[in-house]
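One structure below.
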Amino acid sequence: MALLERTTDSLPSTWYYDPAQYARELEAVWYRDWVPVARSEDLPKVGDFVAEKIGDQSLFVTRDRDGRPRAFHNTCRHRGSTLCIERRGHFASGRIVCPYHAWTYALTGELVATPRMELPADFRREYHPLYEAPVESWGGFLFVNLGERPPPLADFLGEEAKNVERWPLASLVSVRRETNLLACNWKVFWENYSECYHCPGVHPELCRIMPLYREGLLSYGDRRASSQDEAADDSRLHDAPGVVTWTLDGQSHLPAIEGPDAGDRALGVVFASFTASLFVVAHPDYVRSVRILPRGPEAIELTVDWLLPPGVADRYPEELENMYSMGRLLIAQDGRVCELNQQGLRSRRHRQGVLMPQEHGLLEFHDWLRSRLGERA
Ligand code: FES
Ligand SMILES: [Fe+2]
């Protein structure tokens with residue numbers, strides 16, 4: 001989309017804190033879309049599990065005896081107790097045992113035991129398996145879908161997945177994971193991610209290595225649109241000589257990942273964005289992923305992973321802090337302004353914001369949301 005030519009309204013401020021609006025968005029977006037809840041390497045063995053919440057829906061992903069990931073609602077078929085209490089763990093002996101009356105399920109979800117009770121004559125175990133949810137993987141991320149008729153994962157990933165197709169994402173491993181709770185609505189975080197208008201003031205360190213961001217622009221297409229200069233696009237290769245990756249000094253001492261081509265390496269960064277639960281920031285030497293989950297009308301949880309080819313972290317332990325530093329700083333800087341944004345949206349006078357030309361990504365996001373909610377786009 002081109003730069004916005006007219007002053008454009010943002011969303012109504014109440015949408016960022018009203019519980020009823022939050023509930024509408026859970027139904028229309030989060031309970032219908034594919035949502036990444038784990039990395040495949042989080043489940044190295046049969047019976048390992050990761051429990052997660054999407055909105056107020058608790059579920060867990062485990063690995064069955066065939067090695068397949070399986071996702072289930074975290075609810076017992078007897079009287080509905082929670083099954084997994086920990087966020088990560090291992091089902092001993094490959095059995096999922098309810099902590100209440102000990103109904104026992106196989107890793108495929110079948111009910112295999114109902115201890116200490118004579119069963120009614122008409123009771124059929126096979127009618128009471130765990131509630132399963134589809135799980136699919138892409139790039140090493142395990143996505144689940146709580147919808148009734150989920151579209152293929154590929155539809156959700158769309159063209160964005162192609163941006164990073166040269167990176168061997170599925171074979172990379174997370175060498176560091178950090179989680180952050182932020183006191184902001186999920187849309188506040190996604191809007192902030194969708195523009196670089198804030199970059200000059202909020203991210204001085206990133207702007208040192210990404211000159212385009214000093215202009216408050218997110219893409220070279222935006223600069224071309226603002227300068228009317230067709231040649232501007234070519235400047236990308238000469239913008240920041242010597243900058244090879246996103247670290248505080250723009251330098252890397254890690255081996256290049258096999259796959260990215262010369263163009264990818266020249267850019268130093270490639271994004272793939274999956275509204276609004278995941279973005280992947282791919283560099284020539286490492287990849288950073290950020291997963292977003294709503295935790296209430298005014299709360300989100302971020303999960304940031306730093307991904308490297310297997311073995312690299314062991315060979316270059318002294319380089320890892322350098323690799324984490326920029327991503328950590330960005331999350332802290334963005335987290336601060338997102339929380340400030342959230343607080344200010346509570347003003348009784350502030351009914352609605354306005355979008356500036358370089359915030360066209362927000363308008364796209366708002367149109368997307370409105371159409372998901374069944375409103376005019
Ligand atoms: S609620 Fe799970 S066994 Fe009773
Ligand atoms: Fe930012």
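Following the order of the structure tokens, first chain is A, next is B, and so on, with residues numbered from 1 inside each chain and ligands from 1 in the order they appear.
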* To do: Could you please write out, as a PyMOL selection string, every residue of stretch 168-362 of chain A that DSSP assigns to strand (DSSP E)?
  => chain A and resi 173-182+270-274+278-282+287-296+299-308+352-355
Any chance you can output those residues with C-alpha atoms as a PDB file, in the first residue's frame?
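Produced file out-v2.pdb, reproduced below:
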ATOM      1  CA  VAL A 173      17.267 -24.345  16.956  1.00  0.00           C
ATOM      2  CA  SER A 174      16.328 -21.869  19.618  1.00  0.00           C
ATOM      3  CA  VAL A 175      19.457 -21.057  21.597  1.00  0.00           C
ATOM      4  CA  ARG A 176      17.717 -18.510  23.800  1.00  0.00           C
ATOM      5  CA  ARG A 177      14.102 -17.765  24.667  1.00  0.00           C
ATOM      6  CA  GLU A 178      12.876 -14.771  26.624  1.00  0.00           C
ATOM      7  CA  THR A 179       9.272 -14.092  27.550  1.00  0.00           C
ATOM      8  CA  ASN A 180       7.875 -10.667  28.389  1.00  0.00           C
ATOM      9  CA  LEU A 181       4.522  -9.630  29.748  1.00  0.00           C
ATOM     10  CA  LEU A 182       3.482  -6.230  28.452  1.00  0.00           C
ATOM     11  CA  VAL A 270      14.330  -9.716   5.936  1.00  0.00           C
ATOM     12  CA  PHE A 271      10.925  -9.775   7.649  1.00  0.00           C
ATOM     13  CA  ALA A 272       8.057 -12.235   7.491  1.00  0.00           C
ATOM     14  CA  SER A 273       4.956 -11.031   9.349  1.00  0.00           C
ATOM     15  CA  PHE A 274       1.960 -13.174  10.235  1.00  0.00           C
ATOM     16  CA  LEU A 278       4.228 -14.036  14.830  1.00  0.00           C
ATOM     17  CA  PHE A 279       6.956 -12.160  13.061  1.00  0.00           C
ATOM     18  CA  VAL A 280      10.280 -13.530  11.937  1.00  0.00           C
ATOM     19  CA  VAL A 281      13.305 -11.266  11.535  1.00  0.00           C
ATOM     20  CA  ALA A 282      15.889 -13.101   9.461  1.00  0.00           C
ATOM     21  CA  VAL A 287      17.038 -15.400  13.047  1.00  0.00           C
ATOM     22  CA  ARG A 288      14.872 -13.831  15.721  1.00  0.00           C
ATOM     23  CA  SER A 289      11.221 -14.728  16.060  1.00  0.00           C
ATOM     24  CA  VAL A 290       8.626 -12.939  18.168  1.00  0.00           C
ATOM     25  CA  ARG A 291       5.394 -14.694  19.079  1.00  0.00           C
ATOM     26  CA  ILE A 292       2.507 -12.714  20.517  1.00  0.00           C
ATOM     27  CA  LEU A 293      -0.376 -14.042  22.597  1.00  0.00           C
ATOM     28  CA  PRO A 294      -3.216 -11.984  24.080  1.00  0.00           C
ATOM     29  CA  ARG A 295      -3.451 -12.241  27.862  1.00  0.00           C
ATOM     30  CA  GLY A 296      -6.449  -9.998  28.403  1.00  0.00           C
ATOM     31  CA  ALA A 299      -2.009  -7.557  28.319  1.00  0.00           C
ATOM     32  CA  ILE A 300       0.106  -9.617  25.954  1.00  0.00           C
ATOM     33  CA  GLU A 301       2.849 -12.150  26.370  1.00  0.00           C
ATOM     34  CA  LEU A 302       5.792 -12.054  23.989  1.00  0.00           C
ATOM     35  CA  THR A 303       8.025 -15.030  23.360  1.00  0.00           C
ATOM     36  CA  VAL A 304      11.288 -14.110  21.666  1.00  0.00           C
ATOM     37  CA  ASP A 305      13.525 -16.859  20.268  1.00  0.00           C
ATOM     38  CA  TRP A 306      17.004 -16.507  18.850  1.00  0.00           C
ATOM     39  CA  LEU A 307      17.521 -19.243  16.272  1.00  0.00           C
ATOM     40  CA  LEU A 308      20.814 -20.632  14.978  1.00  0.00           C
ATOM     41  CA  GLN A 352      -9.681   8.118  18.219  1.00  0.00           C
ATOM     42  CA  GLY A 353      -6.181   8.792  16.892  1.00  0.00           C
ATOM     43  CA  VAL A 354      -5.021   9.852  13.420  1.00  0.00           C
ATOM     44  CA  LEU A 355      -2.617   8.115  11.078  1.00  0.00           C
TER      45      LEU A 355
END
* Asked: Counting only C-alpha atoms and all ligand atoms, what residues are within 12 Å of ligand 1, given as a PyMOL selection string?
  -> chain A and resi 74-84+96-105+111-117+128-130
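Residue nearest A:Glu319 within the list A:Asp285, A:Glu52, A:Glu298, A:Glu41: A:Asp285 [criterion: smallest interatomic distance, only C-alpha atoms].
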* Do you know which residues are within 8 Å of ligand 2 using only C-alpha atoms and all ligand atoms? Can you write them as a VMD selection string? -> chain A and resid 192 to 193 195 to 196 198 to 199 202 to 203 330 to 331 333 to 334
* **Residue neighbourhood A:Asp18, 9 Å, only C-alpha atoms, exclusion window fewer than 4 positions, as a list in words** => Ser13, Thr14, Tyr22, Ala23, Pro297 and Glu298 of chain A
* Asked: stretch 102-176 of chain A: which residues are alpha helix (DSSP H) by DSSP, as a list in words?
  -> Leu153, Ala154, Asp155, Phe156, Leu157, Glu160, Ala161, Lys162 and Asn163 of chain A
* A:Leu217 environment, 7 Å, only C-alpha atoms, sequence neighbours closer than 3 positions dropped, as a ChimeraX atom specification -> /A:196-197,212-213,222-223,358
Same residues, all heavy atoms, saved as a compact mmCIF listing (two decimals), in the first residue's frame:
# COMPACT_ATOMS: atom_id res chain seq x y z
N CYS A 196 7.51 2.62 11.27
CA CYS A 196 8.85 3.02 11.75
C CYS A 196 8.88 4.52 12.02
O CYS A 196 9.95 5.10 12.18
CB CYS A 196 9.92 2.61 10.74
SG CYS A 196 11.50 2.14 11.51
N TYR A 197 7.71 5.13 12.04
CA TYR A 197 7.62 6.55 12.38
C TYR A 197 8.29 6.81 13.73
O TYR A 197 8.88 7.85 13.97
CB TYR A 197 6.13 6.91 12.41
CG TYR A 197 5.75 8.35 12.51
CD1 TYR A 197 6.60 9.38 12.11
CD2 TYR A 197 4.48 8.69 13.00
CE1 TYR A 197 6.19 10.69 12.21
CE2 TYR A 197 4.07 10.00 13.09
CZ TYR A 197 4.94 11.01 12.70
OH TYR A 197 4.54 12.30 12.79
N LEU A 212 17.85 4.01 6.78
CA LEU A 212 16.48 4.24 6.31
C LEU A 212 15.56 4.57 7.48
O LEU A 212 14.65 5.40 7.37
CB LEU A 212 15.97 2.99 5.58
CG LEU A 212 14.52 3.08 5.11
CD1 LEU A 212 14.39 4.03 3.92
CD2 LEU A 212 13.98 1.69 4.74
N TYR A 213 15.79 3.89 8.59
CA TYR A 213 14.90 4.07 9.75
C TYR A 213 15.04 5.47 10.35
O TYR A 213 14.12 5.94 11.01
CB TYR A 213 15.18 3.01 10.82
CG TYR A 213 14.79 1.60 10.43
CD1 TYR A 213 14.99 0.53 11.30
CD2 TYR A 213 14.21 1.32 9.20
CE1 TYR A 213 14.64 -0.76 10.96
CE2 TYR A 213 13.87 0.04 8.84
CZ TYR A 213 14.08 -1.00 9.73
OH TYR A 213 13.73 -2.28 9.38
N ASP A 222 8.60 2.92 0.54
CA ASP A 222 8.07 4.15 1.13
C ASP A 222 8.94 5.35 0.76
O ASP A 222 8.44 6.43 0.49
CB ASP A 222 8.03 4.05 2.66
CG ASP A 222 6.92 3.13 3.13
OD1 ASP A 222 6.10 2.73 2.30
OD2 ASP A 222 6.90 2.83 4.34
N ARG A 223 10.24 5.12 0.73
CA ARG A 223 11.11 6.25 0.39
C ARG A 223 10.91 6.66 -1.07
O ARG A 223 10.86 7.84 -1.40
CB ARG A 223 12.57 5.89 0.62
CG ARG A 223 13.45 7.07 0.23
CD ARG A 223 14.86 6.68 -0.01
NE ARG A 223 15.60 6.71 1.22
CZ ARG A 223 16.79 6.15 1.36
NH1 ARG A 223 17.33 5.50 0.37
NH2 ARG A 223 17.44 6.23 2.49
N GLN A 358 3.22 7.68 6.67
CA GLN A 358 4.06 6.48 6.75
C GLN A 358 3.46 5.40 7.64
O GLN A 358 4.06 4.34 7.83
CB GLN A 358 5.49 6.83 7.21
CG GLN A 358 5.61 7.53 8.55
CD GLN A 358 5.46 9.03 8.46
OE1 GLN A 358 4.42 9.54 8.08
NE2 GLN A 358 6.51 9.77 8.82
